[in-house]
Amino acid sequence: MAVPLRASASLSGPPVAYSPALERLEIELLLEGVFRHYGFDFRSYAYASVRRRLWKRIEDEGLRSISALQALVLHDRAAMERLLLDLSINVTAMFRDPAFYRVFRKQVLPVLRTYPFIRIWHAGCSTGEEVYSTAIVLEEEGLLDRTRIYATDINDVVLRQARAGIFPLNRMQEYTENYIRAGGARSFSEYYTAMYDGALFSPALTRNVVFSQHNLVTDRSFSEFNVIFCRNVLIYFDRTLQDRVHSLFYESLVMFGVLALGSKESIRGSQYEPCYERVHAREKLYRKSR
């Protein structure tokens, strides 16, 4: 028998008396429907994270249940795009974790210099802040002209923002401080032009960048890379999906290529752990060794 729902003070979570078993069933049906209708596969994302993000979208849409959200997104592509923004992981910043970039300059770039041409993949690039950060480092080290950067994300909306290269002006102080701590060699303001409340970054930084839609869950490898960045994305996947993505990255790296993960991520426990050696344990840089 159905349990009547009573409104809670906020719909940032399920209403009082909402059955956990029914909630999980509705979430599974919604994610299955999204996958079959749109091709976006969130079925193996961490359940708690997906659940929280779905209830946020329900509240923002003025709905009362997951089933109502399912009906909306399956019949309204614009609603699906809004949900995709919530389900995609778009927390980022320029020169995020400055110590990582210092280590990257000192321990990875000297090896990259030995290659005549460099391929780098930013997987799950979001709105592009870390892509521009990498481009700046390569430009300062004289390597950008012989580098091709592939910046991919599941979400075409954030990719359009990344291509535009316009970031909030009120974050430039934070980004400047990050850049300095990351070992920046110039004045950070040289890289952008202030425009009203935005900062337009130099198009020269993306002259060798290819922005493209790619789904880590369902799509295959598309090239071989010297470096793969996938920082703070895997933490939102369950173990099965993490294993699948690790397989994709292993297949996509050249021998002695470098995998860069986020501070809370690791290859520990992966079947590919024996295939890597540590470049820097704290900054989660690994080199493919077999």
# chains A, B, ... in the order shown; residues from 1 in each chain; ligands from 1
>>> residues_around(residues="Lys284 in chain A", least_positions_apart="5", cutoff="9 Å", atoms="only C-alpha atoms", output="list in words")
Phe100, Leu259, Ala260, Leu261, Gly262, Ser263, Lys264, Glu265, Ser266, Ile267, Arg278 and Val279 of chain A
>>> closest_atom_pairs(of="range 62-141 of chain A", to="range 175-178 of chain A", cutoff="9 Å", atoms="only C-alpha atoms", output="CSV")
residue,atom,partner,partner_atom,distance
A:Ala93,CA,A:Tyr175,CA,7.3
A:Met94,CA,A:Tyr175,CA,5.6
A:Phe95,CA,A:Asn178,CA,5.5
A:Arg96,CA,A:Asn178,CA,6.8
A:Asp97,CA,A:Asn178,CA,7.6
A:Pro98,CA,A:Asn178,CA,5.6
>>> closest_residue(among="A:Val34, A:Leu169, A:Val217, A:Leu248", to="Asp153 in chain A", atoms="only C-alpha atoms")
A:Val217
>>> closest_residue(among="A:Ala281, A:Val158, A:Leu25, A:Cys275", to="Glu129 in chain A", atoms="only C-alpha atoms")
A:Val158
>>> residues_around(residues="Phe40 in chain A", least_positions_apart="2", cutoff="9 Å", atoms="only C-alpha atoms", output="NGL selection string")
:A and (31 or 34-38 or 42-43 or 84 or 154 or 215 or 217-218)
>>> select_by_dssp(residues="range 60-279 of chain A", states="alpha helix (DSSP H)", output="ChimeraX atom specification")
/A:60-61,66-75,77-87,98-103,109-112,129-140,156-164,172-181,239-252
>>> closest_residue(among="A:Ser270, A:Ser223, A:Gln161, A:Gln70", to="Leu200 in chain A", atoms="only C-alpha atoms")
A:Gln161
>>> closest_atom_pairs(of="range 44-141 of chain A", to="range 206-212 of chain A", cutoff="9 Å", atoms="only C-alpha atoms", output="Markdown table")
| residue | atom | partner | partner_atom | distance |
| --- | --- | --- | --- | --- |
| A:Val131 | CA | A:Val209 | CA | 8.5 |
| A:Tyr132 | CA | A:Thr206 | CA | 7.5 |
| A:Ala135 | CA | A:Thr206 | CA | 7.2 |
>>> write_last_selection(atoms="N, CA, C and O atoms", output="short mmCIF file (atom, residue, chain, number, x, y, z; two decimals), in the first residue's frame")
data_model
loop_
_atom_site.label_atom_id
_atom_site.label_comp_id
_atom_site.auth_asym_id
_atom_site.auth_seq_id
_atom_site.Cartn_x
_atom_site.Cartn_y
_atom_site.Cartn_z
N VAL A 131 42.36 23.13 -17.67
CA VAL A 131 42.93 23.08 -19.03
C VAL A 131 43.75 24.34 -19.28
O VAL A 131 44.89 24.27 -19.78
N TYR A 132 43.18 25.50 -18.96
CA TYR A 132 43.91 26.76 -19.13
C TYR A 132 45.13 26.80 -18.22
O TYR A 132 46.18 27.34 -18.61
N ALA A 135 47.78 24.80 -19.94
CA ALA A 135 48.27 25.54 -21.11
C ALA A 135 49.23 26.65 -20.70
O ALA A 135 50.25 26.88 -21.36
#
>>> residues_around(residues="range 181-183 of chain A", least_positions_apart="4", cutoff="6 Å", atoms="only C-alpha atoms", output="ChimeraX atom specification")
/A:98-99,101-102
>>> closest_residue(among="A:Tyr286, A:Arg239, A:Pro203, A:Trp121", to="Phe222 in chain A", atoms="only C-alpha atoms")
A:Trp121
>>> residues_around(residues="Arg146 in chain A", least_positions_apart="2", cutoff="6 Å", atoms="only C-alpha atoms", output="mmCIF file with N, CA and C atoms, in the first residue's frame")
data_model
loop_
_atom_site.group_PDB
_atom_site.id
_atom_site.type_symbol
_atom_site.label_atom_id
_atom_site.label_comp_id
_atom_site.auth_asym_id
_atom_site.auth_seq_id
_atom_site.Cartn_x
_atom_site.Cartn_y
_atom_site.Cartn_z
ATOM 1 N N PHE A 117 56.657 15.464 -29.869
ATOM 2 C CA PHE A 117 55.266 15.918 -29.847
ATOM 3 C C PHE A 117 54.587 15.322 -28.627
ATOM 4 N N LEU A 143 56.658 24.639 -24.221
ATOM 5 C CA LEU A 143 56.217 23.354 -24.753
ATOM 6 C C LEU A 143 54.840 23.380 -25.410
ATOM 7 N N LEU A 144 54.135 24.490 -25.316
ATOM 8 C CA LEU A 144 52.751 24.501 -25.805
ATOM 9 C C LEU A 144 52.670 24.298 -27.316
#
>>> select_by_dssp(residues="range 212-288 of chain A", states="strand (DSSP E)", output="PyMOL selection string")
chain A and resi 212-213+225-230+253-261+276-280+285-288
>>> write_last_selection(atoms="C-alpha atoms", output="PDB file, in the first residue's frame")
ATOM      1  CA  SER A 212      35.154  17.530 -27.346  1.00  0.00           C
ATOM      2  CA  GLN A 213      32.304  15.629 -25.719  1.00  0.00           C
ATOM      3  CA  PHE A 225      48.619  10.171 -24.500  1.00  0.00           C
ATOM      4  CA  ASN A 226      51.755  11.191 -22.668  1.00  0.00           C
ATOM      5  CA  VAL A 227      49.721  12.605 -19.774  1.00  0.00           C
ATOM      6  CA  ILE A 228      46.134  12.035 -18.628  1.00  0.00           C
ATOM      7  CA  PHE A 229      44.589  14.392 -16.084  1.00  0.00           C
ATOM      8  CA  CYS A 230      41.471  13.127 -14.324  1.00  0.00           C
ATOM      9  CA  LEU A 253      48.640   5.991 -21.976  1.00  0.00           C
ATOM     10  CA  VAL A 254      51.886   5.452 -23.874  1.00  0.00           C
ATOM     11  CA  MET A 255      54.544   3.484 -22.042  1.00  0.00           C
ATOM     12  CA  PHE A 256      55.978   5.748 -19.308  1.00  0.00           C
ATOM     13  CA  GLY A 257      53.000   8.072 -19.714  1.00  0.00           C
ATOM     14  CA  VAL A 258      51.777   9.874 -16.593  1.00  0.00           C
ATOM     15  CA  LEU A 259      48.379   9.607 -14.910  1.00  0.00           C
ATOM     16  CA  ALA A 260      47.356  12.539 -12.685  1.00  0.00           C
ATOM     17  CA  LEU A 261      44.559  11.912 -10.161  1.00  0.00           C
ATOM     18  CA  TYR A 276      52.409   1.987 -12.430  1.00  0.00           C
ATOM     19  CA  GLU A 277      55.234   3.486 -10.427  1.00  0.00           C
ATOM     20  CA  ARG A 278      54.813   6.552  -8.275  1.00  0.00           C
ATOM     21  CA  VAL A 279      56.108   9.848  -9.572  1.00  0.00           C
ATOM     22  CA  HIS A 280      54.860  11.660  -6.473  1.00  0.00           C
ATOM     23  CA  LEU A 285      51.109  11.302 -10.063  1.00  0.00           C
ATOM     24  CA  TYR A 286      51.778   7.841 -11.490  1.00  0.00           C
ATOM     25  CA  ARG A 287      53.927   6.646 -14.408  1.00  0.00           C
ATOM     26  CA  LYS A 288      52.902   3.654 -16.532  1.00  0.00           C
TER      27      LYS A 288
END
>>> atom_distance(atom1="CA of Arg64 in chain A", atom2="CA of Ser44 in chain A")
24.4 Å
>>> closest_residue(among="A:Met195, A:Ala123, A:Leu54, A:Ala185", to="Ile166 in chain A", atoms="only C-alpha atoms")
A:Met195
>>> atom_distance(atom1="CA of Glu139 in chain A", atom2="CA of Ala204 in chain A")
9.5 Å
>>> closest_residue(among="A:Asp60, A:Glu28, A:Asp145, A:Asp156", to="Gly124 in chain A", atoms="only C-alpha atoms")
A:Asp156
>>> atom_distance(atom1="CA of Met80 in chain A", atom2="CA of Phe237 in chain A")
20.4 Å
>>> decode(residues="range 105-155 of chain A", atoms="C-alpha atoms", output="short mmCIF file (atom, residue, chain, number, x, y, z; two decimals), in the first residue's frame")
data_model
loop_
_atom_site.label_atom_id
_atom_site.label_comp_id
_atom_site.auth_asym_id
_atom_site.auth_seq_id
_atom_site.Cartn_x
_atom_site.Cartn_y
_atom_site.Cartn_z
CA ARG A 105 56.69 21.40 -13.51
CA LYS A 106 59.66 19.85 -11.72
CA GLN A 107 59.10 16.12 -12.20
CA VAL A 108 56.93 15.63 -15.28
CA LEU A 109 57.87 18.43 -17.70
CA PRO A 110 61.56 17.44 -17.92
CA VAL A 111 60.44 14.05 -19.27
CA LEU A 112 57.92 15.63 -21.66
CA ARG A 113 60.72 17.75 -23.13
CA THR A 114 62.28 14.59 -24.52
CA TYR A 115 59.30 13.97 -26.82
CA PRO A 116 59.05 15.67 -30.24
CA PHE A 117 55.27 15.92 -29.85
CA ILE A 118 53.17 15.73 -26.67
CA ARG A 119 49.56 14.60 -26.27
CA ILE A 120 47.67 15.45 -23.09
CA TRP A 121 44.12 14.44 -22.15
CA HIS A 122 42.08 16.37 -19.61
CA ALA A 123 39.28 13.87 -18.91
CA GLY A 124 36.25 15.44 -17.22
CA CYS A 125 37.55 18.95 -17.88
CA SER A 126 34.36 20.72 -16.72
CA THR A 127 34.43 24.46 -17.53
CA GLY A 128 38.11 24.33 -18.42
CA GLU A 129 39.94 26.08 -15.60
CA GLU A 130 42.49 23.28 -15.26
CA VAL A 131 42.93 23.08 -19.03
CA TYR A 132 43.91 26.76 -19.13
CA SER A 133 46.16 26.21 -16.13
CA THR A 134 48.01 23.43 -17.95
CA ALA A 135 48.27 25.54 -21.11
CA ILE A 136 49.82 28.39 -19.11
CA VAL A 137 52.41 26.06 -17.57
CA LEU A 138 53.29 24.62 -20.99
CA GLU A 139 53.49 28.10 -22.52
CA GLU A 140 55.89 29.27 -19.82
CA GLU A 141 58.02 26.16 -20.28
CA GLY A 142 58.15 26.55 -24.08
CA LEU A 143 56.22 23.35 -24.75
CA LEU A 144 52.75 24.50 -25.81
CA ASP A 145 53.57 24.73 -29.52
CA ARG A 146 54.42 21.03 -29.68
CA THR A 147 51.56 19.89 -27.47
CA ARG A 148 48.01 18.89 -28.37
CA ILE A 149 45.60 19.01 -25.42
CA TYR A 150 42.33 17.11 -25.64
CA ALA A 151 39.79 18.50 -23.17
CA THR A 152 36.70 16.33 -22.81
CA ASP A 153 33.57 16.23 -20.71
CA ILE A 154 30.22 14.47 -20.81
CA ASN A 155 28.44 17.83 -20.63
#
